[in-house]
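Below is the file protein30.txt, which contains compact mmCIF, C-alpha atoms.
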```
# COMPACT_ATOMS: atom_id res chain seq x y z
CA MET A 1215 30.23 39.86 -30.64
CA ILE A 1216 27.68 37.49 -32.20
CA HIS A 1217 29.52 34.48 -30.82
CA LYS A 1218 29.48 35.97 -27.31
CA LEU A 1219 25.73 36.63 -27.51
CA LEU A 1220 25.10 33.08 -28.76
CA ALA A 1221 27.16 31.59 -25.91
CA LEU A 1222 25.31 33.71 -23.38
CA THR A 1223 21.94 32.61 -24.77
CA ILE A 1224 22.88 28.92 -24.52
CA ALA A 1225 24.14 29.35 -20.95
CA LEU A 1226 20.90 30.99 -19.87
CA ALA A 1227 18.83 28.25 -21.52
CA LEU A 1228 20.79 25.51 -19.73
CA GLY A 1229 20.46 27.34 -16.42
CA ASN A 1230 16.69 27.57 -16.78
CA ALA A 1231 16.46 23.88 -17.67
CA LEU A 1232 18.43 22.87 -14.59
CA CYS A 1233 16.21 25.00 -12.36
CA ALA A 1234 13.12 23.38 -13.86
CA GLN A 1235 14.55 19.90 -13.15
CA ASP A 1236 15.13 20.80 -9.50
CA GLN A 1237 11.47 21.78 -9.05
CA THR A 1238 10.12 18.22 -9.22
CA PRO A 1239 6.50 17.44 -8.25
CA ALA A 1240 7.75 15.27 -5.37
CA LYS A 1241 9.56 18.19 -3.75
CA GLN A 1242 6.66 20.54 -4.25
CA ASN A 1243 4.02 18.18 -2.82
CA VAL A 1244 5.89 17.00 0.29
CA PRO A 1245 5.17 19.12 3.39
CA ALA A 1246 8.19 21.04 4.70
CA GLU A 1247 8.02 19.43 8.17
CA GLN A 1248 8.50 15.88 6.89
CA THR A 1249 10.50 14.13 4.20
CA VAL A 1250 7.66 11.84 3.11
CA PRO A 1251 3.90 12.28 3.57
CA PHE A 1252 3.38 8.77 4.99
CA VAL A 1253 5.16 5.80 6.51
CA GLN A 1254 4.96 2.22 5.25
CA LYS A 1255 4.48 0.61 8.64
CA PRO A 1256 3.25 -1.76 9.91
CA GLU A 1257 3.67 -4.36 7.16
CA MET A 1258 0.30 -5.56 5.94
CA TYR A 1259 -0.59 -9.11 7.00
CA PRO A 1260 -4.03 -10.31 5.88
CA LEU A 1261 -4.31 -13.56 7.88
CA ASP A 1262 -5.36 -13.98 11.52
CA THR A 1263 -4.44 -17.68 11.54
CA CYS A 1264 -1.11 -19.50 11.25
CA ILE A 1265 -0.33 -20.24 7.61
CA VAL A 1266 1.07 -23.65 8.62
CA SER A 1267 -1.14 -25.02 11.40
CA GLY A 1268 -4.28 -22.95 10.86
CA GLU A 1269 -4.37 -22.01 14.56
CA LYS A 1270 -5.54 -18.56 15.63
CA LEU A 1271 -2.68 -16.06 15.94
CA ASP A 1272 -2.31 -14.35 19.31
CA ASP A 1273 0.13 -12.02 21.06
CA LYS A 1274 2.77 -14.77 21.05
CA ALA A 1275 2.80 -15.06 17.24
CA VAL A 1276 6.25 -15.30 15.65
CA ILE A 1277 6.83 -12.55 13.07
CA PHE A 1278 9.65 -12.94 10.54
CA VAL A 1279 10.65 -12.15 6.94
CA VAL A 1280 11.66 -14.68 4.28
CA ASP A 1281 12.78 -13.54 0.82
CA GLY A 1282 11.24 -10.14 1.39
CA MET A 1283 7.82 -11.43 2.50
CA THR A 1284 6.52 -11.10 6.07
CA PHE A 1285 5.02 -14.15 7.78
CA LYS A 1286 3.32 -14.77 11.11
CA THR A 1287 3.18 -18.24 12.63
CA CYS A 1288 1.82 -19.57 15.91
CA CYS A 1289 5.18 -21.01 17.02
CA GLU A 1290 8.85 -21.54 16.18
CA LYS A 1291 8.18 -25.02 14.75
CA CYS A 1292 5.85 -23.57 12.14
CA LYS A 1293 8.39 -20.85 11.39
CA ALA A 1294 10.98 -23.53 10.65
CA LYS A 1295 8.62 -25.14 8.11
CA VAL A 1296 8.14 -21.82 6.32
CA THR A 1297 11.85 -21.04 6.17
CA LYS A 1298 12.56 -24.55 4.88
CA ASP A 1299 10.05 -24.28 2.02
CA PRO A 1300 9.29 -20.55 1.52
CA ALA A 1301 7.98 -20.89 -2.04
CA THR A 1302 5.08 -23.09 -0.92
CA TYR A 1303 3.95 -20.68 1.77
CA GLN A 1304 4.54 -17.59 -0.36
CA SER A 1305 2.14 -19.04 -2.93
CA LYS A 1306 -0.43 -19.50 -0.13
CA LEU A 1307 -0.02 -15.99 1.27
CA SER A 1308 0.21 -14.01 -1.98
CA PRO A 1309 -3.48 -14.32 -3.04
CA SER A 1310 -4.60 -13.00 0.36
CA LEU A 1311 -2.19 -10.06 0.16
CA ILE A 1312 -3.40 -9.20 -3.33
CA ALA A 1313 -7.07 -9.46 -2.38
CA ALA A 1314 -6.55 -7.25 0.69
CA GLN A 1315 -5.03 -4.46 -1.42
CA ALA A 1316 -7.10 -4.72 -4.60
CA GLY A 1317 -10.07 -2.85 -3.13
CA HIS A 1318 -8.07 0.35 -2.66
CA TYR A 1319 -5.83 0.08 -5.71
CA PRO A 1320 -5.34 3.70 -6.81
CA LEU A 1321 -4.37 3.45 -10.46
CA GLY A 1322 -6.42 2.73 -13.57
CA VAL A 1323 -3.39 2.44 -15.84
CA CYS A 1324 -0.34 0.21 -16.10
CA VAL A 1325 2.69 1.60 -14.23
CA ILE A 1326 4.96 0.56 -17.12
CA SER A 1327 3.12 1.25 -20.38
CA GLY A 1328 0.51 3.73 -19.18
CA GLY A 1329 -2.13 1.64 -20.94
CA LYS A 1330 -5.58 1.31 -19.40
CA LEU A 1331 -5.90 -1.68 -17.09
CA GLY A 1332 -8.28 -4.22 -18.63
CA SER A 1333 -7.73 -3.02 -22.19
CA MET A 1334 -5.60 -6.10 -22.92
CA GLY A 1335 -7.53 -8.63 -20.86
CA GLN A 1336 -7.30 -9.37 -17.16
CA PRO A 1337 -4.56 -7.20 -15.55
CA VAL A 1338 -1.43 -8.96 -14.33
CA GLN A 1339 -1.14 -8.68 -10.55
CA LEU A 1340 2.28 -8.70 -8.91
CA LEU A 1341 3.49 -8.31 -5.33
CA LEU A 1342 6.51 -6.01 -5.36
CA ASP A 1343 7.90 -5.02 -1.96
CA ASN A 1344 4.70 -6.54 -0.49
CA THR A 1345 2.69 -4.00 -2.51
CA LEU A 1346 0.14 -4.89 -5.18
CA VAL A 1347 1.20 -3.63 -8.62
CA GLN A 1348 -1.13 -4.16 -11.60
CA LEU A 1349 0.05 -4.31 -15.20
CA CYS A 1350 -1.78 -4.23 -18.52
CA CYS A 1351 -0.15 -7.43 -19.79
CA SER A 1352 2.57 -10.02 -19.17
CA HIS A 1353 5.00 -8.18 -21.47
CA CYS A 1354 5.41 -5.49 -18.79
CA GLN A 1355 6.17 -7.97 -16.03
CA ASP A 1356 9.95 -8.19 -16.44
CA LYS A 1357 10.32 -4.39 -16.59
CA ALA A 1358 8.22 -3.95 -13.45
CA THR A 1359 10.14 -6.63 -11.55
CA ALA A 1360 13.45 -5.04 -12.48
CA LYS A 1361 12.26 -1.79 -10.87
CA ALA A 1362 10.31 -3.36 -8.00
CA SER A 1363 10.97 -0.68 -5.38
CA GLU A 1364 10.22 2.16 -7.80
CA MET A 1365 6.99 0.58 -9.03
CA ALA A 1366 5.78 -0.15 -5.49
CA ALA A 1367 6.57 3.43 -4.45
CA THR A 1368 4.57 4.74 -7.41
CA VAL A 1369 1.51 2.78 -6.31
CA ARG A 1370 1.86 3.76 -2.65
CA THR A 1371 2.24 7.45 -3.49
CA ALA A 1372 -0.83 7.35 -5.73
CA ALA A 1373 -2.79 5.59 -2.98
CA TYR A 1374 -1.85 8.26 -0.45
CA GLU A 1375 -2.71 11.14 -2.78
CA ALA A 1376 -6.11 9.67 -3.65
CA GLN A 1377 -7.21 8.69 -0.14
CA SER A 1378 -5.83 11.72 1.71
CA LYS A 1379 -8.43 13.86 -0.06
CA THR A 1380 -11.34 11.68 1.04
CA TYR A 1381 -10.16 10.22 4.36
CA PRO A 1382 -13.39 9.55 6.32
CA LEU A 1383 -12.22 10.20 9.91
CA SER A 1384 -11.17 13.33 11.79
CA THR A 1385 -10.09 11.34 14.86
CA CYS A 1386 -7.43 8.71 15.53
CA LEU A 1387 -8.56 5.20 14.63
CA VAL A 1388 -7.01 3.82 17.83
CA GLY A 1389 -7.08 6.51 20.50
CA GLY A 1390 -10.05 8.53 19.30
CA GLU A 1391 -8.10 11.78 19.68
CA ALA A 1392 -8.54 14.58 17.15
CA LEU A 1393 -6.07 14.43 14.27
CA GLY A 1394 -3.90 17.52 14.70
CA LYS A 1395 -0.60 18.74 13.26
CA GLY A 1396 1.27 15.83 14.82
CA ALA A 1397 -0.93 13.20 13.14
CA VAL A 1398 0.86 10.28 11.48
CA SER A 1399 -0.25 8.94 8.11
CA VAL A 1400 0.37 5.23 7.51
CA LEU A 1401 -0.20 3.15 4.42
CA TYR A 1402 -1.34 -0.30 5.50
CA GLY A 1403 -0.88 -2.07 2.19
CA THR A 1404 -2.62 0.41 -0.11
CA THR A 1405 -5.05 1.73 2.52
CA LEU A 1406 -4.43 5.03 4.28
CA VAL A 1407 -4.78 5.03 8.08
CA ARG A 1408 -4.18 8.09 10.27
CA PHE A 1409 -3.15 8.14 13.94
CA CYS A 1410 -2.83 10.94 16.48
CA CYS A 1411 0.73 9.82 17.28
CA LYS A 1412 3.31 7.13 16.57
CA ASP A 1413 2.45 5.25 19.79
CA CYS A 1414 -0.90 4.21 18.30
CA ILE A 1415 0.77 2.41 15.40
CA GLY A 1416 1.90 -0.43 17.67
CA LYS A 1417 -1.61 -0.88 19.08
CA PHE A 1418 -3.00 -0.98 15.55
CA GLU A 1419 -0.40 -3.56 14.53
CA ALA A 1420 -1.56 -5.94 17.29
CA LYS A 1421 -5.13 -6.15 15.90
CA PRO A 1422 -5.19 -4.53 12.44
CA ALA A 1423 -8.31 -6.37 11.24
CA ASP A 1424 -10.42 -4.98 14.11
CA TYR A 1425 -9.39 -1.40 13.39
CA MET A 1426 -9.72 -1.75 9.62
CA ALA A 1427 -13.32 -2.87 10.12
CA LYS A 1428 -13.95 0.43 11.92
CA LEU A 1429 -12.31 2.44 9.15
CA HIS A 1430 -14.22 0.80 6.32
CA PRO A 1431 -17.20 -1.00 7.91
CA ALA A 1432 -18.91 -1.56 4.56
CA ALA A 1433 -16.00 -3.69 3.40
CA SER A 1434 -16.48 -6.09 6.33
CA GLU A 1435 -20.23 -6.57 5.79
CA PRO A 1436 -21.56 -9.60 3.89
CA LYS A 1437 -21.98 -8.79 0.20
CA ASN A 1438 -25.16 -10.84 -0.20
CA LYS A 1439 -27.59 -9.89 2.53
CA PRO A 1440 -31.00 -11.62 2.67
CA GLU A 1441 -33.73 -9.31 1.40
CA LYS A 1442 -36.50 -8.33 3.75
CA ALA A 1443 -39.96 -9.65 2.88
CA LYS A 1444 -42.21 -7.00 1.38
CA GLY A 1445 -45.68 -6.39 2.72
CA GLY A 1446 -47.15 -7.65 6.00
CA GLY A 1447 -47.07 -11.38 5.29
CA LYS A 1448 -45.60 -13.74 7.84
```
Output the file's structure as structure tokens, nothing else.
Amino acid sequence: MIHKLLALTIALALGNALCAQDQTPAKQNVPAEQTVPFVQKPEMYPLDTCIVSGEKLDDKAVIFVVDGMTFKTCCEKCKAKVTKDPATYQSKLSPSLIAAQAGHYPLGVCVISGGKLGSMGQPVQLLLDNTLVQLCCSHCQDKATAKASEMAATVRTAAYEAQSKTYPLSTCLVGGEALGKGAVSVLYGTTLVRFCCKDCIGKFEAKPADYMAKLHPAASEPKNKPEKAKGGGK
């Protein structure tokens, strides 16, 4: 009899544990009408000039991916130069990608160790899946790289959760329509942007810098403005 009671107790404990594992935070936080709260499109591109020639990019820009990194060039000849020597152009593009995402980086701790960023000197900045990931030190770099997709997803999810609570607009950034139930949330790098519908994403992608300036105008203003003269002197 005692053995039967013990077996029953263990079975109930295991059943409760399995139920607890099924109720993960991700499943609880995701709205029922969608599988993920945001989409990672369009791919962030911080330059408005060709990375090879320096010419202004227009509607005829060539968009392509090399070794997981998106590039835009003014023509096919410049594309060929990038594909022939991707490492050189990746090293040119990476600092701009990092700078564009650093302002809205959502985490204050290392995604590997959990240690406070800055507690061990300047944080290590990596681009994983075109997403900025910051680490407390170089010792965490190999572990983060080995789980690149997971680490990038962690940062993107944290960015969405933080900015969705304080998103400054109630209307579509492109169309100006009110953001209703059909609104689409997009993470452009680590910045949340909301549209009234999926059709507006393509329009945003054509001129992202113009729309981002509307979303966060303070970020596009000069940091060092000339001070106004005090008093009535000439």
* If you count all atoms listed in the file, which residues fall within 12 Å of Lys1330 of chain A, apart from same-chain ones fewer than 4 positions away, as a list in words? ->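 After dropping sequence-adjacent residues, the list is Leu1321, Gly1322, Val1323, Cys1324, Val1325, Ile1326, Met1334, Gly1335, Gln1336, Pro1337, Gln1348, Leu1349, Cys1350 and Cys1351 of chain A.
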May I have a table of the residues of segment 1283-1369 of chain A lying at most 8 Å from segment 1403-1408 of chain A, giving each one's closest pair of atoms and their distance in Å to one decimal, counting all atoms listed in the file, ordered by chain and ascending residue number, as a Markdown table?
```
| residue | atom | partner | partner_atom | distance |
| --- | --- | --- | --- | --- |
| A:Ala1314 | CA | A:Gly1403 | CA | 7.8 |
| A:Gln1315 | CA | A:Thr1404 | CA | 5.6 |
| A:His1318 | CA | A:Thr1404 | CA | 6.0 |
| A:Tyr1319 | CA | A:Thr1404 | CA | 6.5 |
| A:Pro1320 | CA | A:Thr1404 | CA | 7.9 |
| A:Asn1344 | CA | A:Gly1403 | CA | 7.6 |
| A:Thr1345 | CA | A:Gly1403 | CA | 6.2 |
| A:Leu1346 | CA | A:Thr1404 | CA | 7.8 |
| A:Val1369 | CA | A:Thr1404 | CA | 7.8 |
```
* To do: With a distance cut-off of 8 Å and all atoms listed in the file, select the neighbouring residues of Val1347 of chain A, excluding the residue or stretch itself and same-chain residues fewer than 5 positions from it, and output the selection as a ChimeraX atom specification.
  => /A:1325,1339-1342,1365-1366,1369
* What gap, in Å, lies between atom CA of Gly1329 of chain A and atom CA of Ala1313 of chain A? ->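 Value for the atom CA of Gly1329 of chain A-atom CA of Ala1313 of chain A distance: 22.2 Å.
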* Of the candidates A:Leu1261, A:Val1266, A:Ala1360, A:Val1296, which shows the shortest atom-to-atom distance to Phe1278 of chain A, using only C-alpha atoms? ->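 Under the stated criterion, the closest residue is A:Val1296.
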* Selected residue, from A:Lys1293, A:Lys1421, A:Lys1306, A:Lys1379, that lies nearest to Asp1272 of chain A when counting all atoms listed in the file ->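 Among A:Lys1293, A:Lys1421, A:Lys1306, A:Lys1379, it is A:Lys1421 that comes nearest to Asp1272 of chain A.
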* With all atoms listed in the file as the basis for distance, which of A:Gly1394, A:Phe1418, A:Tyr1381, A:Ala1376 is at the shortest distance from His1430 of chain A? ->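 The shortest atom-to-atom distance to His1430 of chain A comes from A:Tyr1381.
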Would you mind completing segment 1399-1430 of chain A to N, CA and C atoms and writing the output as an mmCIF file, in the frame of the given file?
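File out11.cif, as written:
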```cif
data_model
loop_
_atom_site.group_PDB
_atom_site.id
_atom_site.type_symbol
_atom_site.label_atom_id
_atom_site.label_comp_id
_atom_site.auth_asym_id
_atom_site.auth_seq_id
_atom_site.Cartn_x
_atom_site.Cartn_y
_atom_site.Cartn_z
ATOM 1 N N SER A 1399 0.434 9.649 9.196
ATOM 2 C CA SER A 1399 -0.250 8.940 8.110
ATOM 3 C C SER A 1399 0.503 7.655 7.794
ATOM 4 N N VAL A 1400 -0.221 6.544 7.765
ATOM 5 C CA VAL A 1400 0.370 5.230 7.510
ATOM 6 C C VAL A 1400 -0.358 4.576 6.353
ATOM 7 N N LEU A 1401 0.413 3.960 5.473
ATOM 8 C CA LEU A 1401 -0.200 3.150 4.420
ATOM 9 C C LEU A 1401 -0.109 1.695 4.853
ATOM 10 N N TYR A 1402 -1.262 1.117 5.151
ATOM 11 C CA TYR A 1402 -1.340 -0.300 5.500
ATOM 12 C C TYR A 1402 -1.693 -1.029 4.219
ATOM 13 N N GLY A 1403 -0.674 -1.554 3.543
ATOM 14 C CA GLY A 1403 -0.880 -2.070 2.190
ATOM 15 C C GLY A 1403 -1.095 -0.874 1.275
ATOM 16 N N THR A 1404 -2.285 -0.758 0.696
ATOM 17 C CA THR A 1404 -2.620 0.410 -0.110
ATOM 18 C C THR A 1404 -3.772 1.193 0.516
ATOM 19 N N THR A 1405 -3.987 1.018 1.807
ATOM 20 C CA THR A 1405 -5.050 1.730 2.520
ATOM 21 C C THR A 1405 -4.460 2.742 3.486
ATOM 22 N N LEU A 1406 -4.911 3.981 3.391
ATOM 23 C CA LEU A 1406 -4.430 5.030 4.280
ATOM 24 C C LEU A 1406 -5.103 4.950 5.636
ATOM 25 N N VAL A 1407 -4.289 5.002 6.702
ATOM 26 C CA VAL A 1407 -4.780 5.030 8.080
ATOM 27 C C VAL A 1407 -4.058 6.172 8.782
ATOM 28 N N ARG A 1408 -4.789 6.961 9.585
ATOM 29 C CA ARG A 1408 -4.180 8.090 10.270
ATOM 30 C C ARG A 1408 -4.309 7.925 11.788
ATOM 31 N N PHE A 1409 -3.210 8.248 12.485
ATOM 32 C CA PHE A 1409 -3.150 8.140 13.940
ATOM 33 C C PHE A 1409 -2.772 9.489 14.538
ATOM 34 N N CYS A 1410 -3.160 9.681 15.803
ATOM 35 C CA CYS A 1410 -2.830 10.940 16.480
ATOM 36 C C CYS A 1410 -1.349 11.022 16.803
ATOM 37 N N CYS A 1411 -0.691 9.853 16.953
ATOM 38 C CA CYS A 1411 0.730 9.820 17.280
ATOM 39 C C CYS A 1411 1.324 8.469 16.892
ATOM 40 N N LYS A 1412 2.638 8.366 16.961
ATOM 41 C CA LYS A 1412 3.310 7.130 16.570
ATOM 42 C C LYS A 1412 3.033 5.981 17.530
ATOM 43 N N ASP A 1413 2.708 6.300 18.796
ATOM 44 C CA ASP A 1413 2.450 5.250 19.790
ATOM 45 C C ASP A 1413 1.255 4.386 19.407
ATOM 46 N N CYS A 1414 0.304 4.952 18.678
ATOM 47 C CA CYS A 1414 -0.900 4.210 18.300
ATOM 48 C C CYS A 1414 -0.652 3.197 17.192
ATOM 49 N N ILE A 1415 0.467 3.343 16.491
ATOM 50 C CA ILE A 1415 0.770 2.410 15.400
ATOM 51 C C ILE A 1415 0.957 1.002 15.946
ATOM 52 N N GLY A 1416 1.666 0.878 17.074
ATOM 53 C CA GLY A 1416 1.900 -0.430 17.670
ATOM 54 C C GLY A 1416 0.608 -1.098 18.109
ATOM 55 N N LYS A 1417 -0.320 -0.322 18.658
ATOM 56 C CA LYS A 1417 -1.610 -0.880 19.080
ATOM 57 C C LYS A 1417 -2.403 -1.353 17.870
ATOM 58 N N PHE A 1418 -2.332 -0.587 16.792
ATOM 59 C CA PHE A 1418 -3.000 -0.980 15.550
ATOM 60 C C PHE A 1418 -2.411 -2.288 15.011
ATOM 61 N N GLU A 1419 -1.095 -2.395 15.069
ATOM 62 C CA GLU A 1419 -0.400 -3.560 14.530
ATOM 63 C C GLU A 1419 -0.799 -4.848 15.239
ATOM 64 N N ALA A 1420 -1.176 -4.744 16.529
ATOM 65 C CA ALA A 1420 -1.560 -5.940 17.290
ATOM 66 C C ALA A 1420 -2.876 -6.534 16.788
ATOM 67 N N LYS A 1421 -3.826 -5.671 16.372
ATOM 68 C CA LYS A 1421 -5.130 -6.150 15.900
ATOM 69 C C LYS A 1421 -5.592 -5.315 14.699
ATOM 70 N N PRO A 1422 -4.861 -5.389 13.592
ATOM 71 C CA PRO A 1422 -5.190 -4.530 12.440
ATOM 72 C C PRO A 1422 -6.577 -4.787 11.865
ATOM 73 N N ALA A 1423 -7.008 -6.047 11.838
ATOM 74 C CA ALA A 1423 -8.310 -6.370 11.240
ATOM 75 C C ALA A 1423 -9.452 -5.685 11.981
ATOM 76 N N ASP A 1424 -9.360 -5.613 13.318
ATOM 77 C CA ASP A 1424 -10.420 -4.980 14.110
ATOM 78 C C ASP A 1424 -10.527 -3.488 13.790
ATOM 79 N N TYR A 1425 -9.382 -2.846 13.669
ATOM 80 C CA TYR A 1425 -9.390 -1.400 13.390
ATOM 81 C C TYR A 1425 -9.786 -1.107 11.948
ATOM 82 N N MET A 1426 -9.370 -1.962 11.028
ATOM 83 C CA MET A 1426 -9.720 -1.750 9.620
ATOM 84 C C MET A 1426 -11.224 -1.872 9.420
ATOM 85 N N ALA A 1427 -11.862 -2.727 10.207
ATOM 86 C CA ALA A 1427 -13.320 -2.870 10.120
ATOM 87 C C ALA A 1427 -14.021 -1.585 10.559
ATOM 88 N N LYS A 1428 -13.391 -0.843 11.475
ATOM 89 C CA LYS A 1428 -13.950 0.430 11.920
ATOM 90 C C LYS A 1428 -13.750 1.515 10.868
ATOM 91 N N LEU A 1429 -12.620 1.435 10.162
ATOM 92 C CA LEU A 1429 -12.310 2.440 9.150
ATOM 93 C C LEU A 1429 -13.207 2.299 7.932
ATOM 94 N N HIS A 1430 -13.386 1.069 7.491
ATOM 95 C CA HIS A 1430 -14.220 0.800 6.320
ATOM 96 C C HIS A 1430 -15.228 -0.299 6.667
#
```
